[in-house]
Structure formats: C-alpha cells, structure tokens
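A short write-up of the structure that comes next.
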Number of protein chains: 4
Amino acid sequence: MSLKDVQKQVDNWVKQYTMGYWEPLEMLARLVEETGELAREFNHRFGPKRKKDREDKKELADEMADIIFTVACMANSMDIDLNEAFEKTMDKYNSRDGDRWEKK
Amino acid sequence: MSLKDVQKQVDNWVKQYTMGYWEPLEMLARLVEETGELAREFNHRFGPKRKKDREDKKELADEMADIIFTVACMANSMDIDLNEAFEKTMDKYNSRDGDRWEKK
Amino acid sequence: MSLKDVQKQVDNWVKQYTMGYWEPLEMLARLVEETGELAREFNHRFGPKRKKDREDKKELADEMADIIFTVACMANSMDIDLNEAFEKTMDKYNSRDGDRWEKK
Amino acid sequence: MSLKDVQKQVDNWVKQYTMGYWEPLEMLARLVEETGELAREFNHRFGPKRKKDREDKKELADEMADIIFTVACMANSMDIDLNEAFEKTMDKYNSRDGDRWEKK
C-alpha cells in the first residue's frame, strides 16, 4: 500500500460519515491520545513496569498504525501530499545529517 | 512510495551509521519532540496566535513527515510491518466504528 | 500546599518503595501517557465527540494532578526546585511577553 | 509558593491582556509543545545525543515550569482547584498503589 493509498483509504472512510474531518486542533488532540497510548505500551515493554512480553508486538503495531491514520486525516483535510512530504524529509536527512552521526 | 518503501528507505539511512537504531524510549522521546513541533505549527495556523498563513503548508507537511519517519524507525527496530498494521487498523475502523458516527 | 510540599509528598511516596525513581526517559513516557489521557478528556468535553458534560470536571482535574505528580517525580530525581523554576518562569512571562499581547 | 498562589499568579498575568484564556484545545496544543521541548531536553541529556551536561539543569527546570504554567492556565479557565486535585491524587496513589510495588 502506498502513502497515496493510505490517504485515499482514510478519505473513503471519513467521507462515509456526515461529520467529515474534525477540526485541526481536534485531530491534534487525537494524535496526542494515540501517542500517549503508544507511550504506555513502550513503558510496559521497555520501561520500569515490563509487564508485557517484548515479543508480543500486536499492540505496538496497532498504536503505530493509529498514529499513521491520524496523520493521514490531518494531511487529507489540509490537502497535504504525504508522499511528497516524506520524500523531502528523506532528502533533508540525507543531506543535513550526513555529518551529524559517525558513518560506518 | 509504499509503506514498505518508507520503512526500507529509513532502514537504509539508519544502517549507514555506526549508531544504528536508538533505544525504544529514545525514539519515543523523539516522537514527542516532533509531535510538539506539529502542535506549535497547529497553534500558529489554527490557534490563538495565528501568525502564519493557513495556505502555507510546508512546515505542517514537514512535521507530519518527521512523525512518519520516527514511526518507521520504531517499526523497523521492532520488526513491525506498518503495511500489515495499517490494513488491520482500517479493518478495525471499518467494523468497530460502523455504528459510532452518523452515516451519510 | 506549596510546591515544596508537592515535591516532598511525592518523595515520601516514592521512597516507600524499593524501586525508587524511574529512569528519566521512563518518567517522560509516563508524562506522555498522562498528557494523552488529558487530551482524550479534552476531546470528550470540548471536541467532536462531546460525550461528556462540560460541568463534570473530576476527570480533567485528575489528569492535571497526574501531570503535576509526574513533573514532581522528574524534578525530585533531578534535584530541581519547582518553586524556584516557576518563579523564574513568571518573571520571564512578565518581561518577555509584556509586548506580545494587547494589554487591557 | 502554594498551588493556589501558582494559580493566582497565572490568573493575574492572563487578566492583564484583552485576549484572556485560550480555548481548551489551544491550551492543550500549548501543553504538547512544552512537553515536546522537555522531551528534546531529556534526549539531549539522557538519550542518544547527550550533547549537554547532565549537571546543567536550567533548561529542564524551565520546561517543567512551563508545563506547570500551562496546566495552571487550563485549571483556572475551567475553575479547577489544583490543590484539591493533587491531594486526591496523592490519596489515590497511597491507596491504589499500596500493593503495586515492592515496599522497602
């Protein structure tokens, strides 16, 4: 599935409903919720609680996908092309951080 | 670019460096930084400050791409397939939320 | 209760346990969890879901107190005096932002 | 300075301006900004970058105070008493978590 498909699937899902896209700050609050849920999973697996098996990755994967879903909602409602944005970010990392870390 | 390509490009970038992937909680802290930068942009465009033109979407797009980059780092280091995870999330939304919102 | 009392009560609570203070990035992940829970409450009361009565403030108050608790844990473990830090912040706001907003 | 003084000082500062308190989701976005700045400082001191001296705590203290400031703004605008909320939270921790961790 391409980033364009991700955005398209999210758009199809949202467009089924009368509500449409949420307001920007509402979507942001949702992203913060999802990030908080990911943080809880991280502390359960890698932090002081360590109640969960590090091998069971289902909930981690779910929370990551929820973050991508929410970012795709934001991008759609603001007419942002995530594919183009991601390519620019890779260019930035490849140039800007070329000297920042020690290369192999 | 597919979600698999996103993960592959991030992996190629990280693998150049001796450092490799950060520890899970370090990647989480990075995600929180990036989410904070997105929040600042949202408040500048949609919040009380409104210092920036809502039409200039470059910085919003950059911050969204940085979030996707960081999530791809997490997924790679934990051997999570974002494509599979996203498809499951869409299934969940399509079934679970079928009744939650008013359909058109 | 003063900010010093807040820090002292948190310290007394932590010192009961063999575990002691968590590592910095573990406390940060906890703060992100708590901020996420506050975000959920905000969206329930002020966002698109609005499932909850805006007058029932108990959960909002709980989440805010959890944030203060976590910040006090961080401050204690890093030997930071929140009272002194807050006074400096008020000084900063009083000087720096003197011109930023329109005065009455 | 007591938690009541913290709330009062913040209220005095806000009341100087014509703008008054921000909308709830705007304050939340601000809290996310501040949490992101704290996360950056944590990664600089305790994470993979470690560019900064762990002994220099000024910026950490500043970010923690900014979080308390923002939480006090939220509480004031929603007529929440942080002192009362914090006391309830300490009661909750003292009872609920009495068995969760190993006591000394």
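Chain identifiers are assigned as A, B, and so on, following the order in which chains appear in the structure tokens; residues are numbered from 1 within each chain, and ligands are numbered from 1 in order of appearance.
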
Same-sequence superposition of chain A onto chain B, all C-alpha, as a compact mmCIF listing (two decimals) with C-alpha atoms, in the first residue's frame:
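Okay, selection_6.txt is ready:
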```
# COMPACT_ATOMS: atom_id res chain seq x y z
CA MET A 1 6.09 5.15 -2.36
CA SER A 2 4.64 2.24 -0.41
CA LEU A 3 4.77 1.84 3.36
CA LYS A 4 7.31 -0.91 2.73
CA ASP A 5 9.44 1.56 0.74
CA VAL A 6 9.13 4.09 3.59
CA GLN A 7 10.45 1.50 6.03
CA LYS A 8 13.19 0.42 3.62
CA GLN A 9 14.41 3.97 2.94
CA VAL A 10 14.54 4.70 6.65
CA ASP A 11 16.43 1.46 7.24
CA ASN A 12 18.96 2.30 4.53
CA TRP A 13 19.50 5.70 6.10
CA VAL A 14 19.96 4.34 9.64
CA LYS A 15 22.23 1.50 8.52
CA GLN A 16 24.78 4.00 7.14
CA TYR A 17 25.68 5.00 10.68
CA THR A 18 27.55 3.17 13.40
CA MET A 19 24.93 4.18 15.95
CA GLY A 20 22.08 2.15 14.47
CA TYR A 21 18.56 2.42 15.85
CA TRP A 22 18.08 4.32 19.08
CA GLU A 23 16.65 2.66 22.17
CA PRO A 24 12.83 2.46 22.24
CA LEU A 25 12.33 5.19 24.85
CA GLU A 26 14.77 7.44 22.98
CA MET A 27 12.72 7.04 19.80
CA LEU A 28 9.58 7.76 21.80
CA ALA A 29 11.10 10.98 23.14
CA ARG A 30 11.90 11.92 19.56
CA LEU A 31 8.30 11.28 18.50
CA VAL A 32 7.15 13.54 21.36
CA GLU A 33 9.50 16.28 20.14
CA GLU A 34 8.08 16.01 16.62
CA THR A 35 4.51 15.97 17.90
CA GLY A 36 5.29 19.09 19.91
CA GLU A 37 6.62 20.82 16.80
CA LEU A 38 3.47 19.89 14.92
CA ALA A 39 1.40 21.28 17.83
CA ARG A 40 3.26 24.58 17.58
CA GLU A 41 2.51 24.80 13.85
CA PHE A 42 -1.15 23.98 14.50
CA ASN A 43 -1.43 26.76 17.08
CA HIS A 44 0.29 29.18 14.71
CA ARG A 45 -2.19 28.42 11.96
CA PHE A 46 -5.39 27.38 13.70
CA GLY A 47 -4.97 28.63 17.26
CA PRO A 48 -4.83 31.90 19.17
CA LYS A 49 -1.60 33.12 17.68
CA ARG A 50 -2.48 32.71 14.02
CA LYS A 51 0.74 34.30 12.93
CA LYS A 52 1.05 32.17 9.86
CA ASP A 53 -0.82 31.91 6.64
CA ARG A 54 -3.08 28.88 6.63
CA GLU A 55 -2.22 28.38 3.00
CA ASP A 56 1.50 27.86 3.61
CA LYS A 57 1.53 24.19 4.40
CA LYS A 58 5.22 23.42 4.02
CA GLU A 59 6.05 23.28 7.73
CA LEU A 60 2.93 21.28 8.54
CA ALA A 61 3.88 18.77 5.85
CA ASP A 62 7.46 18.62 7.17
CA GLU A 63 6.33 17.87 10.71
CA MET A 64 3.92 15.17 9.54
CA ALA A 65 6.70 13.54 7.51
CA ASP A 66 9.02 13.67 10.56
CA ILE A 67 6.37 11.80 12.55
CA ILE A 68 6.12 9.13 9.83
CA PHE A 69 9.92 8.90 9.75
CA THR A 70 10.08 8.34 13.52
CA VAL A 71 7.28 5.78 13.50
CA ALA A 72 9.09 3.95 10.69
CA CYS A 73 12.27 3.91 12.83
CA MET A 74 10.32 2.38 15.70
CA ALA A 75 8.66 -0.17 13.46
CA ASN A 76 11.94 -1.20 11.81
CA SER A 77 13.76 -1.65 15.09
CA MET A 78 10.90 -3.79 16.44
CA ASP A 79 10.40 -5.75 13.24
CA ILE A 80 6.86 -4.43 12.74
CA ASP A 81 5.25 -4.34 9.29
CA LEU A 82 3.42 -1.00 9.07
CA ASN A 83 1.55 -2.06 5.94
CA GLU A 84 0.03 -5.04 7.73
CA ALA A 85 -0.65 -2.95 10.84
CA PHE A 86 -2.35 -0.21 8.84
CA GLU A 87 -4.56 -2.70 7.00
CA LYS A 88 -5.70 -4.16 10.33
CA THR A 89 -6.43 -0.67 11.62
CA MET A 90 -8.57 0.13 8.58
CA ASP A 91 -10.44 -3.14 9.18
CA LYS A 92 -10.96 -2.14 12.82
CA TYR A 93 -12.24 1.31 11.88
CA ASN A 94 -14.49 -0.13 9.19
CA SER A 95 -16.10 -2.60 11.59
CA ARG A 96 -15.88 -1.01 15.04
CA ASP A 97 -16.82 2.48 14.04
CA GLY A 98 -19.48 1.44 11.58
CA ASP A 99 -22.12 2.47 14.12
CA ARG A 100 -20.31 5.16 16.01
CA TRP A 101 -20.87 8.07 13.66
CA GLU A 102 -23.84 9.05 11.57
CA LYS A 103 -23.54 7.79 8.01
CA LYS A 104 -24.41 9.90 5.00
```

Check chain B with DSSP on the backbone and list each residue it calls alpha helix (DSSP H), as a ChimeraX atom specification.
/B:3-15,24-46,58-77,82-96
